[in-house]
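Undergrad: Quick one: structure below, then a few questions.
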Amino acid sequence: MGFAGLWESLLPLGRDPETGGYRRYSFTPADAACRRWFEAAAAERGLPAGCDRNGNLFARWQGPSGTALVIGSHLDSVPDGGAYDGALGVVSGFAAIDLLRARGFAPARPVVVAAFCEEEGARFGTACLGSRLLTGAADPEAARELRDADGVTLAEAMNTAGLDPAGIGPDEDLLSGFGVFVELHIEQGSALDGLGAAVGIAEGIWPHGRWRLEFTGRADHAGTTRLADRRDPMLPYAATVLAARQAAAGRGALATLGKVTAEPGGANAISSLVRAWLDARAPEEAALRGVVAEVEATARRTAADHRVEFGIRQESFIPPVNFDRVLRARVASVIGAHGKPAPVLATGAGHDAGVLAARLPTAMLFVRNPSGVSHSPAEHATMADCEAGVAALATVIEELAG
Ligand code: GLV
Ligand code: MN
Ligand code: MN
């Protein structure tokens with residue numbers, strides 16, 4: 001089957017009919033449907049497949065010997081995410097195998113298609129949780145206790161999905177069988193469009209992280225409480241949103257407060273608690289730390305001004321990633337066109353490739369996104385570019401597993 005048929009078969013799963021966005025949250029029915037889709041895609045190709053102890057899926061094209069070339073990405077989404085982020089890499093992995101088989105290519109080493117679990121951290125707050133647990137970058141004890149917005153722990157959610165949370169954590173046996181990882185992903189900006197290239201390569205990933213901020217005030221009546229008597233957590237929260245923008249702008253960084261909850265959430269009441277999440281990214285770690293320090297300082301100062309308590313907790317942090325230079329040059333040269341290597345781009349977006357890069361040579365391919373938009377239903381790639389991505393991935397497999 002070509003790319004298009006496989007792509008179409010995944011498209012309806014987890015899509016919200018109202019928004020057209022995807023809600024593929026880990027260990028939910030939508031996630032189970034995606035997992036069944038992965039297993040069916042593997043079975044149709046006669047590739048043995050399974051789930052590791054951390055909820056990551058793998059399908060294996062057997063080769064005579066050696067460590068595996070791992071390709072793939074993730075199937076989970078952000079709230080109302082686009083169709084391509086993650087899914088494109090998994091579908092392209094299977095489609096590249098189809099293409100190579102049609103050409104009569106037999107790999108000299110195993111080729112494994114991967115779908116890593118909870119990459120977005122949309123349900124439990126920690127990005128790249130599946131790959132971080134696998135590589136030992138996340139503590140399994142703490143991970144089991146992570147809670148979603150309804151207070152359900154990761155352990156409970158895994159149990160509900162028929163997976164055993166007792167087994168999560170580093171898996172050196174599995175990792176030792178992996179020799180190289182190549183993640184294909186939609187570009188989450190419009191650089192390739194500007195360069196007129198369908199496919200590019202990642203140079204590295206900016207350091208980035210997430211911080212949870214809590215402003216605790218006192219619930220009270222909106223119509224009777226004098227301004228001077230209020231302990232309104234919304235006020236320091238509002239100052240913090242503006243401070244994040246300013247702190248980022250001054251450092252060539254990015255800072256976003258994209259999620260906020262207010263309790264009890266009455267339109268005619270002062271909130272008792274405002275929780276907000278800061279996502280910050282920067283080209284250098286020092287700039288990132290500077291942004292977070294400045295945001296925290298403003299939050300503390302303005303909270304004190306309004307007699308509001310303030311707390312901050314780092315939920316995840318990924319240090320800067322520079323992908324393997326030798327591998328990058330090799331991949332750029334084989335997929336380049338007209339004698340020129342493929343363009344190389346830095347990105348502020350996080351990926352499992354960034355986690356795996358700490359343990360094995362890793363590369364990333366990006367596919368052009370003319371909308372330039374991601375983490376939104378407007379995310380888009382043309383069918384021709386998706387097919388160019390599959391062809392590039394197949395070329396990389398021939399190079400690294402030939
Ligand atoms: C993942 O897409 C991230 O960059 O947050
Ligand atoms: Mn994403
Ligand atoms: Mn992604």
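Labels for the structure tokens follow display order: chains A, B, ..., residues from 1 in each chain, ligands from 1.
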Quick one: which range 195-220 of chain A residues come within 10 Å of range 387-400 of chain A, and what is the nearest atom pair for each with the distance in Å to one decimal, counting only C-alpha atoms, rows ordered by chain and ascending number, as a Markdown table?
TA:
| residue | atom | partner | partner_atom | distance |
| --- | --- | --- | --- | --- |
| A:Ala198 | CA | A:Ala388 | CA | 6.8 |
| A:Val199 | CA | A:Gly389 | CA | 6.2 |
| A:Gly200 | CA | A:Gly389 | CA | 9.2 |
Undergrad: Could those residues be written to a file, using C-alpha atoms, as a compact mmCIF listing (two decimals), in the first residue's frame?
TA:
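part-v5.txt written:
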# COMPACT_ATOMS: atom_id res chain seq x y z
CA ALA A 198 10.21 19.59 0.31
CA VAL A 199 12.50 17.93 2.85
CA GLY A 200 15.12 19.23 5.28
Undergrad: Using only C-alpha atoms and all ligand atoms, what are the residues with an atom within 8 Å of ligand 1, set out as a PDB file with N, CA, C and O atoms, in the first residue's frame?
TA:
ATOM      1  N   VAL A  78      -1.430  16.990  20.904  1.00  0.00           N
ATOM      2  CA  VAL A  78      -1.811  18.054  21.845  1.00  0.00           C
ATOM      3  C   VAL A  78      -3.334  18.222  21.741  1.00  0.00           C
ATOM      4  O   VAL A  78      -3.947  17.658  20.832  1.00  0.00           O
ATOM      5  N   ASP A  85       1.659  16.122  13.065  1.00  0.00           N
ATOM      6  CA  ASP A  85       2.672  16.133  14.120  1.00  0.00           C
ATOM      7  C   ASP A  85       2.753  14.733  14.743  1.00  0.00           C
ATOM      8  O   ASP A  85       1.840  14.307  15.445  1.00  0.00           O
ATOM      9  N   GLU A 119       4.366  11.604  23.835  1.00  0.00           N
ATOM     10  CA  GLU A 119       5.414  12.537  23.398  1.00  0.00           C
ATOM     11  C   GLU A 119       5.042  13.968  23.737  1.00  0.00           C
ATOM     12  O   GLU A 119       5.879  14.777  24.119  1.00  0.00           O
ATOM     13  N   GLU A 120       3.767  14.296  23.562  1.00  0.00           N
ATOM     14  CA  GLU A 120       3.349  15.684  23.775  1.00  0.00           C
ATOM     15  C   GLU A 120       3.204  16.024  25.256  1.00  0.00           C
ATOM     16  O   GLU A 120       3.155  17.194  25.616  1.00  0.00           O
ATOM     17  N   GLY A 121       3.072  15.014  26.087  1.00  0.00           N
ATOM     18  CA  GLY A 121       2.819  15.296  27.496  1.00  0.00           C
ATOM     19  C   GLY A 121       1.459  15.958  27.697  1.00  0.00           C
ATOM     20  O   GLY A 121       1.228  16.646  28.682  1.00  0.00           O
ATOM     21  N   ALA A 127       6.695  15.985  28.697  1.00  0.00           N
ATOM     22  CA  ALA A 127       6.893  15.724  27.274  1.00  0.00           C
ATOM     23  C   ALA A 127       7.848  14.544  27.088  1.00  0.00           C
ATOM     24  O   ALA A 127       8.729  14.302  27.922  1.00  0.00           O
ATOM     25  N   GLY A 348      12.842  24.887  17.730  1.00  0.00           N
ATOM     26  CA  GLY A 348      12.485  25.029  19.136  1.00  0.00           C
ATOM     27  C   GLY A 348      11.501  23.964  19.578  1.00  0.00           C
ATOM     28  O   GLY A 348      11.097  23.934  20.739  1.00  0.00           O
ATOM     29  N   ALA A 349      11.094  23.076  18.666  1.00  0.00           N
ATOM     30  CA  ALA A 349      10.115  22.038  19.028  1.00  0.00           C
ATOM     31  C   ALA A 349      10.820  20.823  19.620  1.00  0.00           C
ATOM     32  O   ALA A 349      11.917  20.468  19.182  1.00  0.00           O
ATOM     33  N   GLY A 350      10.177  20.197  20.582  1.00  0.00           N
ATOM     34  CA  GLY A 350      10.746  19.005  21.212  1.00  0.00           C
ATOM     35  C   GLY A 350      10.371  17.749  20.443  1.00  0.00           C
ATOM     36  O   GLY A 350       9.337  17.715  19.773  1.00  0.00           O
ATOM     37  N   HIS A 351      11.214  16.731  20.533  1.00  0.00           N
ATOM     38  CA  HIS A 351      10.975  15.462  19.830  1.00  0.00           C
ATOM     39  C   HIS A 351      11.626  14.319  20.601  1.00  0.00           C
ATOM     40  O   HIS A 351      12.655  14.516  21.256  1.00  0.00           O
ATOM     41  N   HIS A 375       0.554  22.285  16.003  1.00  0.00           N
ATOM     42  CA  HIS A 375      -0.243  22.228  17.232  1.00  0.00           C
ATOM     43  C   HIS A 375      -1.580  22.937  16.991  1.00  0.00           C
ATOM     44  O   HIS A 375      -2.082  23.668  17.856  1.00  0.00           O
TER      45      HIS A 375
END
Undergrad: Do a neighbour search on Thr382 in chain A at 9 Å with only C-alpha atoms, toss out local chain neighbours closer than 4 positions, and write the hits as a PyMOL selection string.
TA: chain A and resi 368-370+386-387
Undergrad: Could the residues in this selection be saved with N, CA and C atoms as a PDB file, in the first residue's frame?
TA:
ATOM      1  N   ARG A 368       8.125  19.751   4.492  1.00  0.00           N
ATOM      2  CA  ARG A 368       7.599  21.124   4.321  1.00  0.00           C
ATOM      3  C   ARG A 368       6.145  21.260   4.785  1.00  0.00           C
ATOM      4  N   ASN A 369       5.867  22.367   5.445  1.00  0.00           N
ATOM      5  CA  ASN A 369       4.536  22.677   5.976  1.00  0.00           C
ATOM      6  C   ASN A 369       4.178  24.080   5.496  1.00  0.00           C
ATOM      7  N   PRO A 370       3.486  24.177   4.361  1.00  0.00           N
ATOM      8  CA  PRO A 370       3.258  25.516   3.794  1.00  0.00           C
ATOM      9  C   PRO A 370       2.428  26.413   4.702  1.00  0.00           C
ATOM     10  N   CYS A 386       4.475  14.796   1.295  1.00  0.00           N
ATOM     11  CA  CYS A 386       4.509  13.609   2.172  1.00  0.00           C
ATOM     12  C   CYS A 386       5.199  12.467   1.429  1.00  0.00           C
ATOM     13  N   GLU A 387       4.883  12.345   0.151  1.00  0.00           N
ATOM     14  CA  GLU A 387       5.503  11.265  -0.638  1.00  0.00           C
ATOM     15  C   GLU A 387       6.994  11.522  -0.841  1.00  0.00           C
TER      16      GLU A 387
END
Undergrad: Smallest atom-to-atom distance to ligand 3: which of A:Leu192, A:Ala95, A:Leu288, A:Ala353, using only C-alpha atoms and all ligand atoms?
TA: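 When distances to ligand 3 are compared using only C-alpha atoms and all ligand atoms, the smallest one comes from A:Ala353.
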Undergrad: What are the DSSP strand (DSSP E) residues of range 181-290 of chain A, as a PyMOL selection string?
TA: chain A and resi 181-186+199-205+208-216+220-221+254-263+269-270+273-281
Undergrad: Ranking A:Ala142, A:Leu184, A:Met1, A:Leu134 by minimum distance to ligand 3 and counting only C-alpha atoms and all ligand atoms, which one comes first?
TA: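 Smallest separation from ligand 3 among the options: A:Leu184.
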Undergrad: Could you check which of A:Phe181, A:Phe58, A:Phe94, A:Trp206 is closest to Gly5 in chain A, using only C-alpha atoms?
TA: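 That would be A:Phe94, the residue with the smallest distance to Gly5 in chain A.
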Undergrad: For CA of Ala33 in chain A and CA of Leu13 in chain A, determine how far apart the two atoms are, in Å to one decimal place.
TA: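 Atom-to-atom, CA of Ala33 in chain A to CA of Leu13 in chain A, that is 6.6 Å.
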Undergrad: Just checking: using only C-alpha atoms, which residue out of A:Ala166, A:Ile71, A:Ile97, A:Val112 ends up closest to Pro140 in chain A?
TA: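 For Pro140 in chain A, the nearest of the given residues is A:Ala166.
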Undergrad: Which is closer to Gly72 in chain A than all the others in A:Tyr84, A:Phe38, A:Phe366, A:Phe116, using only C-alpha atoms?
TA: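 For Gly72 in chain A, the nearest of the candidates is A:Phe116.
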Undergrad: When DSSP is applied to the backbone of this structure, which of range 89-336 of chain A are assigned helix (DSSP H, G or I)? Write them out as a count of residues only.
TA: 97
Undergrad: As a ChimeraX atom specification, please: the residues near Thr153 in chain A (cut-off 12 Å, only C-alpha atoms, same-chain neighbours under 3 positions excluded).
TA: /A:26-27,123-125,141-150,156-160,165
Undergrad: Report as an MDAnalysis selection string all protein, DNA and RNA residues lying within 10 Å of Arg281 in chain A, evaluated on only C-alpha atoms, omitting residues in the same chain fewer than 5 positions from it.
TA: chainID A and resid 205:210 248 252:256 287:289 291:292 317:318 320 347:350
Undergrad: Of the candidates A:Arg330, A:Arg132, A:Arg60, A:His338, which shows the shortest atom-to-atom distance to Arg109 in chain A, using only C-alpha atoms?
TA: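 The closest residue to Arg109 in chain A is A:Arg60.
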Undergrad: With a distance cut-off of 8 Å and only C-alpha atoms, select the neighbouring residues of Asn54 in chain A, excluding the residue or stretch itself and same-chain residues fewer than 2 positions from it, and output the selection as a count of residues only.
TA: 11
